[in-house]
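Containing mmCIF, C-alpha atoms, pLDDT in the B column; chains and numbers go by the auth columns: input-v9.cif.
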```
data_target
loop_
_atom_site.group_PDB
_atom_site.id
_atom_site.type_symbol
_atom_site.label_atom_id
_atom_site.label_comp_id
_atom_site.label_asym_id
_atom_site.label_seq_id
_atom_site.Cartn_x
_atom_site.Cartn_y
_atom_site.Cartn_z
_atom_site.B_iso_or_equiv
_atom_site.auth_seq_id
_atom_site.auth_asym_id
ATOM 1 C CA MET A 1 7.695 1.723 4.926 72.00 351 A
ATOM 2 C CA THR A 2 6.213 -1.719 5.277 77.00 352 A
ATOM 3 C CA SER A 3 4.281 -3.980 2.943 77.00 353 A
ATOM 4 C CA THR A 4 1.509 -5.521 5.017 89.00 354 A
ATOM 5 C CA VAL A 5 -0.897 -8.078 3.573 91.00 355 A
ATOM 6 C CA GLY A 6 -4.419 -6.706 3.977 94.00 356 A
ATOM 7 C CA GLN A 7 -3.360 -3.076 3.546 96.00 357 A
ATOM 8 C CA LYS A 8 -5.879 -1.078 1.476 97.00 358 A
ATOM 9 C CA VAL A 9 -5.798 2.041 -0.677 98.00 359 A
ATOM 10 C CA THR A 10 -9.063 3.652 -1.791 98.00 360 A
ATOM 11 C CA HIS A 11 -9.730 6.445 -4.275 98.00 361 A
ATOM 12 C CA ARG A 12 -13.034 8.052 -5.209 98.00 362 A
ATOM 13 C CA ARG A 13 -13.730 9.935 -8.395 97.00 363 A
ATOM 14 C CA TYR A 14 -16.448 11.286 -10.628 97.00 364 A
ATOM 15 C CA VAL A 15 -16.650 9.743 -14.120 96.00 365 A
ATOM 16 C CA PRO A 16 -16.876 12.676 -16.564 94.00 366 A
ATOM 17 C CA TYR A 17 -19.180 12.570 -19.577 91.00 367 A
ATOM 18 C CA SER A 18 -16.127 13.042 -21.804 93.00 368 A
ATOM 19 C CA HIS A 19 -15.274 9.385 -21.048 93.00 369 A
ATOM 20 C CA ALA A 20 -18.567 7.981 -22.387 93.00 370 A
ATOM 21 C CA HIS A 21 -17.861 5.815 -25.446 89.00 371 A
ATOM 22 C CA TYR A 22 -21.085 3.908 -25.979 93.00 372 A
ATOM 23 C CA ALA A 23 -24.858 4.350 -26.022 92.00 373 A
ATOM 24 C CA GLY A 24 -26.369 4.934 -22.615 89.00 374 A
ATOM 25 C CA ASN A 25 -23.252 6.883 -21.563 92.00 375 A
ATOM 26 C CA LEU A 26 -21.347 3.647 -20.972 93.00 376 A
ATOM 27 C CA VAL A 27 -17.644 3.943 -20.207 96.00 377 A
ATOM 28 C CA ASP A 28 -15.226 1.376 -21.635 94.00 378 A
ATOM 29 C CA GLY A 29 -13.606 -1.219 -19.386 94.00 379 A
ATOM 30 C CA ALA A 30 -10.198 0.378 -19.836 94.00 380 A
ATOM 31 C CA TYR A 31 -11.395 3.192 -17.556 96.00 381 A
ATOM 32 C CA SER A 32 -11.548 0.761 -14.614 97.00 382 A
ATOM 33 C CA LEU A 33 -8.148 -0.709 -15.474 96.00 383 A
ATOM 34 C CA ALA A 34 -6.579 2.762 -15.528 96.00 384 A
ATOM 35 C CA ALA A 35 -8.128 3.461 -12.124 98.00 385 A
ATOM 36 C CA PHE A 36 -6.628 0.207 -10.829 98.00 386 A
ATOM 37 C CA GLY A 37 -3.231 1.460 -11.981 97.00 387 A
ATOM 38 C CA ASP A 38 -3.698 4.652 -9.970 97.00 388 A
ATOM 39 C CA VAL A 39 -4.493 2.875 -6.686 98.00 389 A
ATOM 40 C CA ALA A 40 -1.680 0.378 -7.312 97.00 390 A
ATOM 41 C CA THR A 41 0.752 3.284 -7.755 97.00 391 A
ATOM 42 C CA GLU A 42 -0.291 4.816 -4.428 97.00 392 A
ATOM 43 C CA MET A 43 -0.019 1.408 -2.728 97.00 393 A
ATOM 44 C CA CYS A 44 3.572 1.044 -3.996 95.00 394 A
ATOM 45 C CA ILE A 45 4.470 4.559 -2.851 96.00 395 A
ATOM 46 C CA ILE A 46 3.078 3.841 0.624 95.00 396 A
ATOM 47 C CA THR A 47 4.634 0.384 0.979 94.00 397 A
ATOM 48 C CA ASP A 48 7.905 0.786 -0.920 94.00 398 A
ATOM 49 C CA GLY A 49 8.577 4.474 -1.526 94.00 399 A
ATOM 50 C CA ASP A 50 8.434 3.919 -5.300 95.00 400 A
ATOM 51 C CA GLU A 51 5.681 4.080 -7.919 96.00 401 A
ATOM 52 C CA GLY A 52 6.395 0.521 -9.084 95.00 402 A
ATOM 53 C CA LEU A 53 5.511 -0.927 -12.477 95.00 403 A
ATOM 54 C CA PHE A 54 2.420 -2.931 -13.355 95.00 404 A
ATOM 55 C CA ALA A 55 3.449 -6.416 -14.553 95.00 405 A
ATOM 56 C CA SER A 56 0.153 -8.229 -15.129 96.00 406 A
ATOM 57 C CA TYR A 57 -3.582 -8.497 -14.575 95.00 407 A
ATOM 58 C CA SER A 58 -5.456 -11.739 -14.047 91.00 408 A
ATOM 59 C CA ASP A 59 -9.101 -12.624 -13.626 94.00 409 A
ATOM 60 C CA VAL A 60 -10.489 -9.271 -14.805 97.00 410 A
ATOM 61 C CA GLN A 61 -14.283 -9.342 -14.397 98.00 411 A
ATOM 62 C CA PHE A 62 -16.640 -6.698 -15.806 97.00 412 A
ATOM 63 C CA LEU A 63 -19.692 -7.307 -13.638 98.00 413 A
ATOM 64 C CA ALA A 64 -21.827 -4.180 -14.105 98.00 414 A
ATOM 65 C CA PRO A 65 -21.678 -1.046 -16.248 97.00 415 A
ATOM 66 C CA VAL A 66 -19.817 2.106 -15.316 97.00 416 A
ATOM 67 C CA ARG A 67 -21.531 5.168 -16.768 96.00 417 A
ATOM 68 C CA ALA A 68 -20.565 8.767 -17.243 94.00 418 A
ATOM 69 C CA GLY A 69 -21.915 10.693 -14.267 94.00 419 A
ATOM 70 C CA ASP A 70 -21.179 7.882 -11.812 96.00 420 A
ATOM 71 C CA CYS A 71 -19.130 8.399 -8.683 98.00 421 A
ATOM 72 C CA ILE A 72 -16.904 5.391 -8.233 98.00 422 A
ATOM 73 C CA GLU A 73 -14.735 4.013 -5.477 98.00 423 A
ATOM 74 C CA ILE A 74 -11.591 2.156 -6.500 98.00 424 A
ATOM 75 C CA GLU A 75 -9.916 -0.092 -3.941 98.00 425 A
ATOM 76 C CA ALA A 76 -6.664 -2.044 -3.939 98.00 426 A
ATOM 77 C CA THR A 77 -5.978 -4.650 -1.258 98.00 427 A
ATOM 78 C CA LEU A 78 -2.479 -6.079 -0.865 98.00 428 A
ATOM 79 C CA VAL A 79 -2.791 -9.891 -0.872 98.00 429 A
ATOM 80 C CA ARG A 80 0.784 -11.117 -1.348 96.00 430 A
ATOM 81 C CA VAL A 81 4.237 -9.621 -0.817 95.00 431 A
ATOM 82 C CA GLY A 82 7.192 -11.115 -2.672 93.00 432 A
ATOM 83 C CA THR A 83 10.800 -9.955 -2.759 92.00 433 A
ATOM 84 C CA ARG A 84 10.022 -7.409 -5.464 93.00 434 A
ATOM 85 C CA SER A 85 6.444 -8.242 -6.414 94.00 435 A
ATOM 86 C CA ARG A 86 3.227 -7.038 -4.826 96.00 436 A
ATOM 87 C CA GLU A 87 -0.018 -8.828 -5.661 97.00 437 A
ATOM 88 C CA MET A 88 -3.261 -6.917 -5.182 98.00 438 A
ATOM 89 C CA ASP A 89 -6.995 -7.468 -5.493 98.00 439 A
ATOM 90 C CA PHE A 90 -8.885 -4.595 -7.095 98.00 440 A
ATOM 91 C CA ALA A 91 -12.515 -3.487 -7.149 98.00 441 A
ATOM 92 C CA VAL A 92 -14.437 -0.625 -8.733 98.00 442 A
ATOM 93 C CA ARG A 93 -17.732 0.137 -7.008 98.00 443 A
ATOM 94 C CA VAL A 94 -20.357 2.611 -8.198 98.00 444 A
ATOM 95 C CA VAL A 95 -21.387 4.604 -5.111 98.00 445 A
ATOM 96 C CA ALA A 96 -23.547 7.290 -6.777 98.00 446 A
ATOM 97 C CA ARG A 97 -25.293 7.470 -10.140 96.00 447 A
ATOM 98 C CA GLY A 98 -27.057 10.101 -12.207 90.00 448 A
ATOM 99 C CA ASN A 99 -30.853 9.975 -12.143 89.00 449 A
ATOM 100 C CA PRO A 100 -32.149 11.796 -15.238 85.00 450 A
ATOM 101 C CA GLU A 101 -35.760 10.911 -14.336 89.00 451 A
ATOM 102 C CA ARG A 102 -35.529 13.477 -11.502 92.00 452 A
ATOM 103 C CA GLY A 103 -33.771 16.103 -13.609 90.00 453 A
ATOM 104 C CA GLU A 104 -30.919 16.669 -16.017 86.00 454 A
ATOM 105 C CA SER A 105 -28.289 17.031 -13.288 88.00 455 A
ATOM 106 C CA ALA A 106 -29.936 14.898 -10.576 91.00 456 A
ATOM 107 C CA ALA A 107 -27.958 12.087 -8.969 93.00 457 A
ATOM 108 C CA ASP A 108 -28.453 9.655 -6.121 96.00 458 A
ATOM 109 C CA VAL A 109 -26.109 8.130 -3.581 97.00 459 A
ATOM 110 C CA LEU A 110 -26.716 4.396 -3.803 97.00 460 A
ATOM 111 C CA ASP A 111 -27.807 2.553 -0.663 97.00 461 A
ATOM 112 C CA LEU A 112 -25.654 -0.391 -1.761 97.00 462 A
ATOM 113 C CA ALA A 113 -22.608 0.148 -3.924 98.00 463 A
ATOM 114 C CA ILE A 114 -22.604 -1.732 -7.238 98.00 464 A
ATOM 115 C CA VAL A 115 -19.476 -3.829 -7.772 98.00 465 A
ATOM 116 C CA ALA A 116 -18.687 -3.018 -11.404 98.00 466 A
ATOM 117 C CA THR A 117 -15.192 -4.414 -12.020 98.00 467 A
ATOM 118 C CA THR A 118 -12.810 -6.718 -10.152 98.00 468 A
ATOM 119 C CA ALA A 119 -9.320 -7.980 -10.940 98.00 469 A
ATOM 120 C CA ARG A 120 -6.090 -9.271 -9.490 98.00 470 A
ATOM 121 C CA GLY A 121 -2.822 -7.650 -10.479 97.00 471 A
ATOM 122 C CA VAL A 122 0.919 -7.846 -9.864 97.00 472 A
ATOM 123 C CA VAL A 123 3.282 -4.890 -9.664 97.00 473 A
ATOM 124 C CA VAL A 124 7.031 -4.941 -9.249 96.00 474 A
ATOM 125 C CA VAL A 125 9.150 -2.539 -7.229 95.00 475 A
ATOM 126 C CA PRO A 126 12.921 -1.968 -7.199 93.00 476 A
ATOM 127 C CA PRO A 127 15.028 -3.990 -4.768 88.00 477 A
ATOM 128 C CA ARG A 128 15.339 -2.403 -1.347 77.00 478 A
#
```
As structure tokens, how would this structure be written, given the file I've shared?
Amino acid sequence: MTSTVGQKVTHRRYVPYSHAHYAGNLVDGAYSLAAFGDVATEMCIITDGDEGLFASYSDVQFLAPVRAGDCIEIEATLVRVGTRSREMDFAVRVVARGNPERGESAADVLDLAIVATTARGVVVVPPR
């Protein structure tokens, strides 16, 4: 196991309608933060053989809405490796979105992904 700056972990998932909290089927920002925790956990398992613990977020930016029915891509990029800390950049991108104008269950793959949420975070892992 090695912790290499630039290493990436990517997840994709469908956002279920049960997560809509607001008009227009908007999903709250906490959904993106929870997804960041999931990719950070996998990064720690890959790099350190441990799930690690999230210590902090900084510079969280909600740039575009995430809606129920979206397919999103969540990416973590390792940007700094300390003795026990791992700093990562995170992004949520919408890669497909429902299109109710074409039909109740219609959806489109987006030509360009929409960057919805970004952040930087620090996790800690046990000493090796």
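Nearest residue to Cys394 in chain A, choosing from A:Ala446, A:Ile424, A:Val475, A:Ile464 and counting only C-alpha atoms: A:Val475.
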Task: Neighbour list for Thr427 in chain A as a list in words, cut-off 10 Å, all atoms listed in the file, skip fewer than 5 positions in-chain - done: Thr354, Val355, Gly356, Gln357, Lys358, Val359, Thr360, Val389, Ala390, Met393, Glu437, Met438, Asp439, Phe440, Ala441 and Arg470 of chain A
Task: Target residues per the PyMOL selection byres ((chain A and resi 447) around 12), formatted as an NGL selection string - done: :A and (363-366 or 375 or 415-422 or 443-446 or 448-452 or 455-464)
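Evaluated against this file, the PyMOL selection byres ((chain A and resi 404-409) around 9) yields A:Gly387, A:Ala390, A:Thr391, A:Gly402, A:Leu403, A:Val410, A:Gln411, A:Ser435, A:Thr468, A:Ala469, A:Arg470, A:Gly471, A:Val472, A:Val473, A:Val474.
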Dig up all the protein and nucleic acid residues within 12 Å of (8.9, 4.7, 1.5) in the file frame, using only C-alpha atoms, and format them as a CSV table (one decimal) with C-alpha atoms, keeping the file's coordinate frame.
```
chain,number,residue,atom,x,y,z
A,351,MET,CA,7.7,1.7,4.9
A,352,THR,CA,6.2,-1.7,5.3
A,353,SER,CA,4.3,-4.0,2.9
A,392,GLU,CA,-0.3,4.8,-4.4
A,393,MET,CA,0.0,1.4,-2.7
A,394,CYS,CA,3.6,1.0,-4.0
A,395,ILE,CA,4.5,4.6,-2.9
A,396,ILE,CA,3.1,3.8,0.6
A,397,THR,CA,4.6,0.4,1.0
A,398,ASP,CA,7.9,0.8,-0.9
A,399,GLY,CA,8.6,4.5,-1.5
A,400,ASP,CA,8.4,3.9,-5.3
A,401,GLU,CA,5.7,4.1,-7.9
A,402,GLY,CA,6.4,0.5,-9.1
A,475,VAL,CA,9.2,-2.5,-7.2
A,476,PRO,CA,12.9,-2.0,-7.2
A,478,ARG,CA,15.3,-2.4,-1.3
```
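Note that CA of Ala373 in chain A and CA of Val465 in chain A are 20.7 Å apart.
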Open item on the list: What does the structure give for the distance between CA of Thr467 in chain A and CA of Leu383 in chain A, in Å to one decimal?
Closed with: 8.7 Å
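One finds CA of Gly432 in chain A at 10.8 Å from CA of Pro477 in chain A.
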If you take every atom of range 372-386 of chain A that the file lists and fit an axis-aligned box around them with 8 Å extra on each side, what centre and edge lengths come out in Å to one decimal, as AutoDock Vina command-line options?
```
--center_x -16.5 --center_y 2.8 --center_z -18.4 --size_x 35.8 --size_y 24.1 --size_z 31.2
```
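Of the residues listed (A:Tyr367, A:Val377, A:Val429, A:Phe386), A:Val377 shows the shortest atom-to-atom separation from Ala414 in chain A; distances use all atoms listed in the file.
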